[in-house]
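Pasted below: target-v4.csv, CSV, C-alpha atoms.
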```
chain,number,residue,atom,x,y,z
A,1406,MET,CA,7.9,27.6,-18.1
A,1407,LEU,CA,11.2,29.4,-17.3
A,1408,ASP,CA,11.3,30.9,-20.8
A,1409,ILE,CA,8.4,33.2,-19.6
A,1410,LEU,CA,10.4,34.4,-16.7
A,1411,LYS,CA,13.8,35.3,-18.1
A,1412,GLY,CA,14.8,38.6,-19.7
A,1413,ARG,CA,13.6,42.1,-18.8
A,1414,GLY,CA,14.2,45.7,-19.8
A,1415,ALA,CA,16.1,48.3,-17.8
A,1416,ASN,CA,13.1,49.0,-15.5
A,1417,GLY,CA,11.3,45.7,-15.9
A,1418,SER,CA,8.1,47.2,-17.2
A,1419,ASN,CA,8.7,47.8,-20.9
A,1420,GLY,CA,6.6,44.8,-21.8
A,1421,GLU,CA,9.5,42.7,-23.3
A,1422,LYS,CA,8.1,39.7,-25.0
A,1423,VAL,CA,9.7,36.3,-24.3
A,1424,GLY,CA,8.7,32.7,-24.8
A,1425,LEU,CA,5.2,31.4,-25.9
A,1426,GLY,CA,4.9,33.8,-28.8
A,1427,SER,CA,4.0,37.3,-27.7
A,1428,ILE,CA,3.2,37.0,-24.0
A,1429,ARG,CA,4.5,39.9,-22.0
A,1430,ARG,CA,6.5,39.2,-18.9
A,1431,PRO,CA,4.5,40.5,-15.9
A,1432,VAL,CA,5.9,43.1,-13.5
A,1433,ILE,CA,7.0,41.2,-10.4
A,1434,GLY,CA,7.0,42.9,-7.0
A,1435,LEU,CA,8.7,41.6,-3.9
A,1436,ALA,CA,7.5,42.6,-0.4
A,1437,LEU,CA,10.1,41.8,2.3
A,1438,GLY,CA,8.9,41.7,5.9
A,1439,GLY,CA,10.7,42.8,9.1
A,1440,GLY,CA,12.4,40.6,11.7
A,1441,ALA,CA,15.8,41.9,12.6
A,1442,ALA,CA,18.5,39.1,12.2
A,1443,ARG,CA,15.9,36.8,10.7
A,1444,GLY,CA,16.1,39.1,7.7
A,1445,PHE,CA,19.1,37.2,6.5
A,1446,ALA,CA,16.6,34.6,5.2
A,1447,HIS,CA,15.6,37.2,2.6
A,1448,ILE,CA,19.1,36.8,1.1
A,1449,GLY,CA,18.4,33.1,0.5
A,1450,ILE,CA,15.0,33.9,-1.0
A,1451,LEU,CA,16.4,36.5,-3.4
A,1452,ARG,CA,19.3,34.2,-4.5
A,1453,THR,CA,17.0,31.3,-5.2
A,1454,LEU,CA,14.5,33.4,-7.1
A,1455,ALA,CA,17.2,34.9,-9.3
A,1456,ALA,CA,18.7,31.4,-9.9
A,1457,ASN,CA,15.4,30.4,-11.3
A,1458,GLY,CA,14.9,33.4,-13.6
A,1459,ILE,CA,12.5,35.2,-11.2
A,1460,VAL,CA,13.9,38.8,-10.9
A,1461,PRO,CA,11.7,41.4,-9.2
A,1462,ASP,CA,11.1,44.7,-10.9
A,1463,VAL,CA,9.8,46.3,-7.7
A,1464,VAL,CA,11.2,45.7,-4.2
A,1465,VAL,CA,9.5,47.1,-1.1
A,1466,GLY,CA,10.8,46.4,2.4
A,1467,THR,CA,10.0,47.0,6.0
A,1468,SER,CA,12.7,47.1,8.8
A,1469,ILE,CA,15.4,44.5,7.9
A,1470,GLY,CA,13.4,43.9,4.8
A,1471,ALA,CA,14.2,47.4,3.7
A,1472,VAL,CA,17.9,46.9,4.4
A,1473,VAL,CA,18.1,43.7,2.4
A,1474,GLY,CA,15.8,45.1,-0.3
A,1475,GLY,CA,17.8,48.3,-0.6
A,1476,LEU,CA,21.2,46.6,-0.8
A,1477,HIS,CA,19.8,44.2,-3.4
A,1478,ALA,CA,18.5,47.1,-5.5
A,1479,ALA,CA,21.9,48.8,-5.2
A,1480,GLY,CA,23.7,45.6,-6.2
A,1481,ARG,CA,25.4,45.4,-2.8
A,1482,LEU,CA,23.8,42.4,-1.2
A,1483,ASP,CA,27.1,40.6,-1.0
A,1484,THR,CA,28.3,43.2,1.5
A,1485,LEU,CA,25.6,42.3,4.0
A,1486,GLU,CA,26.2,38.5,3.5
A,1487,GLU,CA,29.9,38.9,4.0
A,1488,TRP,CA,29.4,41.0,7.1
A,1489,GLY,CA,27.0,38.3,8.6
A,1490,ARG,CA,29.4,35.5,7.9
A,1491,SER,CA,32.3,37.4,9.5
A,1492,LEU,CA,30.5,37.5,12.9
A,1493,GLN,CA,31.7,34.8,15.1
A,1494,GLY,CA,29.4,35.1,18.0
A,1495,MET,CA,27.4,37.4,20.3
A,1496,ARG,CA,30.5,39.2,21.4
A,1497,ASN,CA,30.9,40.6,17.9
A,1498,ILE,CA,27.3,41.8,18.0
A,1499,LEU,CA,27.9,43.6,21.3
A,1500,GLY,CA,30.6,45.6,19.6
A,1501,TYR,CA,28.0,47.3,17.4
A,1502,LEU,CA,25.8,48.3,20.3
A,1503,ASP,CA,26.6,51.9,21.1
A,1504,ILE,CA,24.4,52.3,24.1
A,1505,ARG,CA,23.3,55.8,25.1
A,1506,LEU,CA,21.2,57.1,28.0
A,1507,ASN,CA,20.7,60.6,26.8
A,1508,GLY,CA,18.7,60.2,23.6
A,1509,SER,CA,15.4,58.9,22.4
A,1510,GLY,CA,16.7,55.3,22.0
A,1511,LEU,CA,18.9,52.9,24.0
A,1512,LEU,CA,21.3,52.6,21.0
A,1513,GLY,CA,22.7,55.4,18.9
A,1514,GLY,CA,22.9,53.1,15.9
A,1515,GLU,CA,25.9,54.9,14.4
A,1516,LYS,CA,28.1,51.8,14.1
A,1517,LEU,CA,25.5,49.9,12.1
A,1518,ALA,CA,24.7,53.0,10.1
A,1519,ASN,CA,28.4,53.3,9.2
A,1520,ARG,CA,28.4,49.8,7.8
A,1521,LEU,CA,25.5,50.7,5.5
A,1522,GLU,CA,27.1,54.0,4.6
A,1523,ASP,CA,30.2,52.1,3.5
A,1524,ALA,CA,28.1,49.8,1.4
A,1525,VAL,CA,25.9,52.3,-0.5
A,1526,GLY,CA,27.5,55.7,0.1
A,1527,GLU,CA,25.4,58.6,-1.2
A,1528,THR,CA,23.2,56.5,-3.4
A,1529,LEU,CA,19.8,58.0,-4.0
A,1530,ILE,CA,16.7,55.8,-4.2
A,1531,GLU,CA,15.6,57.5,-7.4
A,1532,ASP,CA,18.9,56.5,-9.1
A,1533,LEU,CA,18.5,52.7,-8.4
A,1534,PRO,CA,18.0,50.5,-11.4
A,1535,ILE,CA,14.7,49.1,-10.1
A,1536,LYS,CA,11.8,50.6,-8.2
A,1537,PHE,CA,12.4,50.5,-4.4
A,1538,ALA,CA,10.5,51.8,-1.4
A,1539,SER,CA,11.3,51.6,2.3
A,1540,VAL,CA,8.3,51.7,4.7
A,1541,ALA,CA,8.5,53.7,7.9
A,1542,THR,CA,6.1,55.1,10.5
A,1543,GLU,CA,5.8,58.8,11.5
A,1544,VAL,CA,6.0,59.1,15.3
A,1545,ARG,CA,3.5,61.8,16.0
A,1546,THR,CA,0.8,60.9,13.6
A,1547,GLY,CA,1.1,57.1,13.0
A,1548,HIS,CA,1.2,57.8,9.2
A,1549,GLU,CA,2.6,55.0,7.1
A,1550,ILE,CA,5.5,56.6,5.1
A,1551,TRP,CA,6.8,55.2,1.8
A,1552,LEU,CA,10.3,56.5,1.2
A,1553,THR,CA,10.8,56.5,-2.5
A,1554,ARG,CA,13.4,59.3,-2.9
A,1555,GLY,CA,16.4,60.6,-1.1
A,1556,ARG,CA,19.4,58.9,0.4
A,1557,LEU,CA,19.1,55.1,0.4
A,1558,VAL,CA,20.9,54.8,3.7
A,1559,ASP,CA,18.6,57.2,5.5
A,1560,ALA,CA,15.5,55.3,4.2
A,1561,MET,CA,16.9,52.0,5.5
A,1562,ARG,CA,17.8,53.4,8.9
A,1563,ALA,CA,14.3,55.0,9.3
A,1564,SER,CA,12.6,51.7,8.5
A,1565,TYR,CA,14.5,49.7,11.1
A,1566,ALA,CA,14.5,52.3,13.9
A,1567,LEU,CA,12.7,50.1,16.5
A,1568,PRO,CA,11.1,52.5,19.0
A,1569,GLY,CA,13.0,52.6,22.3
A,1570,ILE,CA,16.0,50.7,20.9
A,1571,PHE,CA,17.1,53.0,18.0
A,1572,GLN,CA,16.7,56.7,17.8
A,1573,PRO,CA,14.1,58.0,15.3
A,1574,MET,CA,15.3,59.3,12.0
A,1575,LEU,CA,14.4,62.9,10.9
A,1576,ILE,CA,13.8,62.8,7.1
A,1577,GLY,CA,12.3,66.0,5.7
A,1578,ASP,CA,10.1,67.4,8.5
A,1579,ARG,CA,9.0,64.0,9.8
A,1580,TRP,CA,10.4,61.9,12.7
A,1581,LEU,CA,10.3,58.3,11.5
A,1582,VAL,CA,10.6,54.9,13.2
A,1583,ASP,CA,10.2,51.2,12.3
A,1584,GLY,CA,7.7,50.6,9.5
A,1585,ALA,CA,6.6,47.3,11.1
A,1586,LEU,CA,4.4,49.3,13.4
A,1587,VAL,CA,2.0,49.9,10.5
A,1588,ASN,CA,2.9,47.5,7.7
A,1589,PRO,CA,5.2,44.6,8.6
A,1590,VAL,CA,4.9,42.9,5.1
A,1591,PRO,CA,4.3,45.8,2.6
A,1592,VAL,CA,2.2,44.1,-0.1
A,1593,SER,CA,0.1,47.2,-0.6
A,1594,ALA,CA,3.2,49.3,-1.3
A,1595,ALA,CA,4.5,46.9,-3.9
A,1596,ARG,CA,1.1,46.9,-5.8
A,1597,ALA,CA,1.0,50.7,-5.7
A,1598,LEU,CA,4.4,50.9,-7.3
A,1599,GLY,CA,3.2,48.9,-10.3
A,1600,ALA,CA,3.7,45.3,-9.4
A,1601,GLU,CA,1.2,43.0,-11.2
A,1602,ILE,CA,2.3,39.9,-9.2
A,1603,VAL,CA,3.4,40.3,-5.6
A,1604,ILE,CA,5.6,37.8,-3.9
A,1605,ALA,CA,5.8,38.4,-0.1
A,1606,ALA,CA,8.2,37.1,2.5
A,1607,ASN,CA,6.9,36.9,6.0
A,1608,LEU,CA,9.5,36.2,8.7
A,1609,SER,CA,7.1,35.9,11.6
A,1610,SER,CA,4.8,33.1,10.5
A,1611,ASP,CA,6.0,30.5,13.0
A,1612,ILE,CA,6.7,32.7,16.0
A,1613,PHE,CA,3.2,32.5,17.5
A,1614,THR,CA,1.4,29.6,15.9
A,1615,HIS,CA,-1.5,29.3,18.3
A,1616,SER,CA,-2.3,32.2,20.7
A,1617,THR,CA,-4.7,31.6,23.4
A,1618,THR,CA,-6.2,33.1,26.6
A,1619,ILE,CA,-5.2,32.0,30.1
A,1620,TYR,CA,-8.4,32.4,32.0
A,1621,SER,CA,-7.0,31.9,35.5
A,1622,HIS,CA,-3.5,32.8,36.7
A,1623,GLY,CA,-2.0,34.1,39.8
A,1624,ALA,CA,1.1,34.2,41.9
A,1625,MET,CA,3.1,31.1,42.6
A,1626,PRO,CA,4.9,30.4,46.0
A,1627,GLN,CA,8.4,31.8,45.7
A,1628,PRO,CA,11.4,30.2,47.4
A,1629,VAL,CA,13.7,32.4,49.3
A,1630,ALA,CA,16.2,33.6,46.7
A,1631,ALA,CA,19.9,33.4,47.5
A,1632,GLU,CA,22.1,36.4,46.8
A,1633,PRO,CA,23.0,36.5,43.1
A,1634,GLU,CA,26.5,35.3,42.4
A,1635,GLU,CA,26.9,38.3,40.2
A,1636,THR,CA,26.4,40.7,43.2
A,1637,THR,CA,29.0,38.8,45.2
A,1638,ALA,CA,31.5,38.9,42.4
A,1639,LYS,CA,30.9,42.7,42.0
A,1640,ARG,CA,31.9,43.2,45.6
A,1641,ARG,CA,35.1,41.1,45.3
A,1642,PHE,CA,36.1,42.3,41.9
A,1643,PRO,CA,34.5,45.7,41.3
A,1644,ARG,CA,36.9,46.8,38.5
A,1645,LEU,CA,35.9,43.9,36.3
A,1646,PHE,CA,32.3,45.2,36.0
A,1647,SER,CA,32.5,48.4,34.0
A,1648,PRO,CA,29.3,50.5,33.5
A,1649,GLU,CA,29.2,49.6,29.8
A,1650,LYS,CA,29.4,45.8,30.5
A,1651,THR,CA,26.8,46.1,33.2
A,1652,MET,CA,24.5,48.1,30.9
A,1653,LYS,CA,24.9,45.4,28.1
A,1654,ARG,CA,24.1,42.7,30.7
A,1655,GLU,CA,21.0,44.6,31.7
A,1656,PHE,CA,20.2,45.1,28.0
A,1657,PHE,CA,20.1,41.3,27.2
A,1658,GLY,CA,19.1,40.1,30.7
A,1659,SER,CA,20.7,37.3,32.8
A,1660,GLY,CA,19.8,34.5,35.2
A,1661,GLY,CA,16.5,33.8,33.5
A,1662,ARG,CA,15.3,37.4,33.9
A,1663,PRO,CA,14.5,39.1,30.6
A,1664,GLY,CA,16.5,42.2,29.8
A,1665,ILE,CA,15.3,45.5,28.4
A,1666,SER,CA,15.8,44.3,24.8
A,1667,SER,CA,14.1,41.0,25.2
A,1668,VAL,CA,11.0,42.5,26.8
A,1669,MET,CA,10.7,45.2,24.0
A,1670,VAL,CA,11.4,42.7,21.2
A,1671,ASP,CA,8.9,40.1,22.5
A,1672,ALA,CA,6.3,42.9,22.8
A,1673,PHE,CA,7.1,44.0,19.3
A,1674,ASN,CA,6.9,40.5,18.0
A,1675,ILE,CA,3.4,40.0,19.5
A,1676,MET,CA,2.3,43.3,18.0
A,1677,GLN,CA,3.9,42.6,14.6
A,1678,ASP,CA,2.4,39.2,14.4
A,1679,ARG,CA,-1.1,40.5,15.0
A,1680,ILE,CA,-0.7,43.4,12.5
A,1681,THR,CA,0.8,41.1,9.9
A,1682,ARG,CA,-2.1,38.7,10.1
A,1683,ALA,CA,-4.6,41.5,9.7
A,1684,ARG,CA,-2.8,43.2,6.8
A,1685,LEU,CA,-2.2,39.9,4.9
A,1686,ALA,CA,-5.8,38.9,5.3
A,1687,GLY,CA,-7.0,42.3,4.0
A,1688,ASP,CA,-4.5,42.5,1.1
A,1689,PRO,CA,-3.0,39.1,0.5
A,1690,PRO,CA,0.0,38.7,-1.9
A,1691,ASP,CA,-0.2,36.5,-4.9
A,1692,LEU,CA,2.4,34.2,-3.4
A,1693,LEU,CA,3.7,34.0,0.2
A,1694,ILE,CA,7.1,32.6,1.2
A,1695,THR,CA,7.3,31.8,4.9
A,1696,PRO,CA,10.8,30.7,6.2
A,1697,ARG,CA,10.7,28.8,9.4
A,1698,VAL,CA,12.9,31.1,11.4
A,1699,GLY,CA,10.9,31.7,14.6
A,1700,GLN,CA,13.5,29.9,16.7
A,1701,PHE,CA,16.1,32.6,15.8
A,1702,GLY,CA,16.5,35.7,18.0
A,1703,TRP,CA,16.4,39.3,16.8
A,1704,PHE,CA,20.1,39.7,17.6
A,1705,ASP,CA,21.3,36.4,16.1
A,1706,PHE,CA,23.1,38.1,13.2
A,1707,HIS,CA,26.1,35.7,13.7
A,1708,ARG,CA,23.8,32.9,12.6
A,1709,SER,CA,23.5,34.3,9.1
A,1710,GLU,CA,24.5,31.2,7.3
A,1711,ASP,CA,21.7,29.1,8.9
A,1712,LEU,CA,19.2,31.9,8.3
A,1713,ILE,CA,20.2,32.2,4.6
A,1714,ALA,CA,19.8,28.4,4.3
A,1715,HIS,CA,16.2,28.6,5.7
A,1716,GLY,CA,15.3,31.3,3.2
A,1717,THR,CA,16.7,29.2,0.4
A,1718,ARG,CA,14.6,26.2,1.4
A,1719,ALA,CA,11.5,28.3,1.8
A,1720,ALA,CA,11.9,29.8,-1.7
A,1721,GLU,CA,12.6,26.3,-3.2
A,1722,ARG,CA,9.3,25.0,-1.6
A,1723,ALA,CA,7.4,27.9,-3.2
A,1724,LEU,CA,9.1,27.9,-6.6
A,1725,GLU,CA,6.6,25.7,-8.4
A,1726,SER,CA,3.6,27.8,-7.2
A,1727,ILE,CA,5.4,31.0,-8.1
A,1728,GLN,CA,6.2,29.8,-11.6
A,1729,GLU,CA,2.6,28.6,-12.2
A,1730,ALA,CA,1.2,31.9,-10.9
A,1731,ILE,CA,3.4,34.0,-13.1
A,1732,ALA,CA,2.4,31.9,-16.1
A,1733,VAL,CA,-1.3,32.1,-15.3
A,1734,LEU,CA,-1.3,35.8,-14.4
A,1735,ALA,CA,1.0,36.9,-17.2
A,1736,PRO,CA,-0.9,39.6,-19.1
A,1737,ALA,CA,-1.2,38.9,-22.8
A,1738,PRO,CA,-1.6,41.6,-25.5
A,1739,ALA,CA,-5.0,42.0,-27.2
A,1740,GLY,CA,-5.7,39.3,-29.7
A,1741,ASN,CA,-3.5,36.7,-28.0
A,1742,ALA,CA,-4.6,33.9,-25.8
A,1743,SER,CA,-3.4,33.9,-22.2
A,1744,PRO,CA,-1.0,31.2,-21.2
A,1745,ALA,CA,-3.8,29.7,-19.0
A,1746,ASP,CA,-5.9,29.1,-22.1
A,1747,GLU,CA,-3.2,27.4,-24.2
```
What does this structure look like when you write it as structure tokens?
Amino acid sequence: MLDILKGRGANGSNGEKVGLGSIRRPVIGLALGGGAARGFAHIGILRTLAANGIVPDVVVGTSIGAVVGGLHAAGRLDTLEEWGRSLQGMRNILGYLDIRLNGSGLLGGEKLANRLEDAVGETLIEDLPIKFASVATEVRTGHEIWLTRGRLVDAMRASYALPGIFQPMLIGDRWLVDGALVNPVPVSAARALGAEIVIAANLSSDIFTHSTTIYSHGAMPQPVAAEPEETTAKRRFPRLFSPEKTMKREFFGSGGRPGISSVMVDAFNIMQDRITRARLAGDPPDLLITPRVGQFGWFDFHRSEDLIAHGTRAAERALESIQEAIAVLAPAPAGNASPADE
């Protein structure tokens, strides 16, 4: 079986013939979905597929999927993995949050962008060795934008610009934000770029397993709340509570109260889940990989090792189905029997 999968030309679509006589290797597309820190699972998926001779010719990503896919296409995936493994806890994550109050997003995003810039520099999408597209959303029109040329780092930044959190990216004459608003798992883009078989990775399959309607709900009796200890501490030690630390505390929330980020992320999760289900039902991939990463938060970048392991296990569970589908769907030249008929 693996003889069919190994070996490809420079762009993966030259019809190189391997194994089983003259059967052409199909063009394989990979659609990587969004999910912030959960996107580290994509690394485990890519590594497992490659280890089994399944190398995509087309990679399309949304949000963190665009980051992982772009770095993979540029041959710099190790950079992201090393960065994730270097983070020791949430304190390291806070160091990348350059909070701003005078822009169109809570975070400037420059610190994260600098990491990507260091990794890929001025690399252009059109110069990548494989076909790549980053999916974004135009702010004023809601158009789904496929970024297939220009600076790779700009395309990745536009795709993960979560509205309200990161500032929109101006590319050409369009202001762009997170592509998950319109196409969280971009199967359609992978097909349009020439993929004959599309493998999709959905990171939100187990976040909301069974949604329901609560038909009757109202206020509950509230006990008299004591003054928060935080307020008392601020009065005693005012210098210990800098505006930046206070803002970050408000950003993440405390004492059981959701912060700005958690409210926005939970709302975005709900929306993304509904859109993903609708898009995958209307345009299903040939194979779907679903890592069970719903228990990980959007900012759990420091848990990259566990996330990569979940991606690895999910890909391993899907390997047999992927190999069978590639063998069955492999297009055969005229006059030759398809592998399914042999």
Open item on the list: I'd like the contact shell of Trp1488 (chain A) - 10 Å cut-off, all atoms listed in the file, skipping same-chain residues fewer than 4 positions apart - returned as a ChimeraX atom specification.
Closed with: /A:1483-1484,1492,1520,1706-1707,1709
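Distances to Ile1680 (chain A) were evaluated for A:Gly1438, A:Arg1718, A:Gly1474, A:Arg1596 using all atoms listed in the file, and the minimum falls at A:Gly1438.
Near region 1523-1532 of chain A, within 10 Å and counting only C-alpha atoms, sit Gly1475, Leu1476, Ala1478, Ala1479, Gly1480, Arg1481, Leu1482, Asp1483, Thr1484, Leu1485, Ala1518, Asn1519, Arg1520, Ile1535, Lys1536, Phe1537, Ala1538, Ser1539, Leu1552, Thr1553, Arg1554, Gly1555, Arg1556, Leu1557, Val1558, Asp1559 and Ala1560 of chain A, not including residues fewer than 3 positions from it in the same chain.
If you measure from each of A:Leu1685, A:Ile1619, A:Leu1734, A:Ala1436 to Ile1450 (chain A) using only C-alpha atoms, the closest one turns out to be A:Ala1436.
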- [ ] Could you please determine the separation between CA of Arg1697 (chain A) and CA of Ala1714 (chain A) in Å, to one decimal place?
- [x] 10.4 Å
TODO: For CA of Ala1719 (chain A) and CA of Gly1599 (chain A), quote the distance in Å rounded to one decimal.
DONE: 25.3 Å
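Relative to CA of Ser1667 (chain A), CA of Gly1702 (chain A) is found at 9.3 Å.
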Task: Neighbour list for Ser1564 (chain A) as a PyMOL selection string, cut-off 10 Å, all atoms listed in the file, skip fewer than 3 positions in-chain - done: chain A and resi 1439+1466-1472+1539-1542+1550-1552+1559-1561+1567+1573-1574+1581-1586
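Among the candidate residues A:Val1670, A:Leu1693, A:Leu1454, A:Ala1624, the one lying nearest to Val1603 (chain A) is A:Leu1693, with distances computed using only C-alpha atoms.
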Taking a cut-off of 9 Å and counting all atoms listed in the file, can you build a table that, for each residue of region 1503-1604 of chain A near region 1431-1434 of chain A, reports the nearest atom pair and how far apart they are in Å (one decimal), sorted by chain then residue number, as CSV?
```
residue,atom,partner,partner_atom,distance
A:Val1592,CA,A:Gly1434,CA,8.5
A:Ala1595,CA,A:Gly1434,CA,5.6
A:Arg1596,CA,A:Gly1434,CA,7.2
A:Leu1598,CA,A:Gly1434,CA,8.4
A:Gly1599,CA,A:Val1432,CA,7.2
A:Ala1600,CA,A:Gly1434,CA,4.7
A:Glu1601,CA,A:Val1432,CA,5.2
A:Ile1602,CA,A:Ile1433,CA,5.0
A:Val1603,CA,A:Gly1434,CA,4.7
A:Ile1604,CA,A:Gly1434,CA,6.1
```
Generate the coordinates of N, CA and C atoms for region 1688-1707 of chain A; report them as a compact mmCIF listing (two decimals), in the frame of the given file.
```txt
# COMPACT_ATOMS: atom_id res chain seq x y z
N ASP A 1688 -5.14 42.29 2.43
CA ASP A 1688 -4.50 42.50 1.10
C ASP A 1688 -3.44 41.42 0.91
N PRO A 1689 -3.91 40.21 0.59
CA PRO A 1689 -3.00 39.10 0.50
C PRO A 1689 -2.10 39.19 -0.78
N PRO A 1690 -0.87 38.70 -0.69
CA PRO A 1690 0.00 38.70 -1.90
C PRO A 1690 -0.46 37.56 -2.82
N ASP A 1691 0.08 37.57 -4.01
CA ASP A 1691 -0.20 36.50 -4.90
C ASP A 1691 0.48 35.20 -4.50
N LEU A 1692 1.68 35.34 -3.95
CA LEU A 1692 2.40 34.20 -3.40
C LEU A 1692 3.06 34.62 -2.09
N LEU A 1693 3.09 33.70 -1.13
CA LEU A 1693 3.70 34.00 0.20
C LEU A 1693 4.75 32.99 0.51
N ILE A 1694 5.94 33.49 0.82
CA ILE A 1694 7.10 32.60 1.20
C ILE A 1694 7.23 32.82 2.74
N THR A 1695 7.28 31.71 3.47
CA THR A 1695 7.30 31.80 4.90
C THR A 1695 8.48 30.92 5.47
N PRO A 1696 9.68 31.48 5.55
CA PRO A 1696 10.80 30.70 6.20
C PRO A 1696 10.50 30.41 7.62
N ARG A 1697 10.89 29.24 8.04
CA ARG A 1697 10.70 28.80 9.40
C ARG A 1697 11.84 29.26 10.28
N VAL A 1698 11.79 30.52 10.67
CA VAL A 1698 12.90 31.10 11.40
C VAL A 1698 12.52 31.65 12.76
N GLY A 1699 11.37 31.20 13.27
CA GLY A 1699 10.90 31.70 14.60
C GLY A 1699 11.81 31.34 15.72
N GLN A 1700 12.66 30.31 15.56
CA GLN A 1700 13.50 29.90 16.70
C GLN A 1700 14.79 30.80 16.75
N PHE A 1701 14.96 31.70 15.80
CA PHE A 1701 16.10 32.60 15.80
C PHE A 1701 15.75 33.90 16.51
N GLY A 1702 16.69 34.42 17.30
CA GLY A 1702 16.50 35.70 18.00
C GLY A 1702 16.73 36.87 17.13
N TRP A 1703 16.23 38.02 17.57
CA TRP A 1703 16.40 39.30 16.80
C TRP A 1703 17.85 39.67 16.66
N PHE A 1704 18.70 39.26 17.60
CA PHE A 1704 20.10 39.70 17.60
C PHE A 1704 21.03 38.55 17.14
N ASP A 1705 20.49 37.49 16.54
CA ASP A 1705 21.30 36.40 16.10
C ASP A 1705 21.92 36.61 14.71
N PHE A 1706 22.51 37.77 14.53
CA PHE A 1706 23.10 38.10 13.20
C PHE A 1706 24.28 37.16 12.92
N HIS A 1707 24.93 36.64 13.96
CA HIS A 1707 26.10 35.70 13.70
C HIS A 1707 25.62 34.37 13.21
```
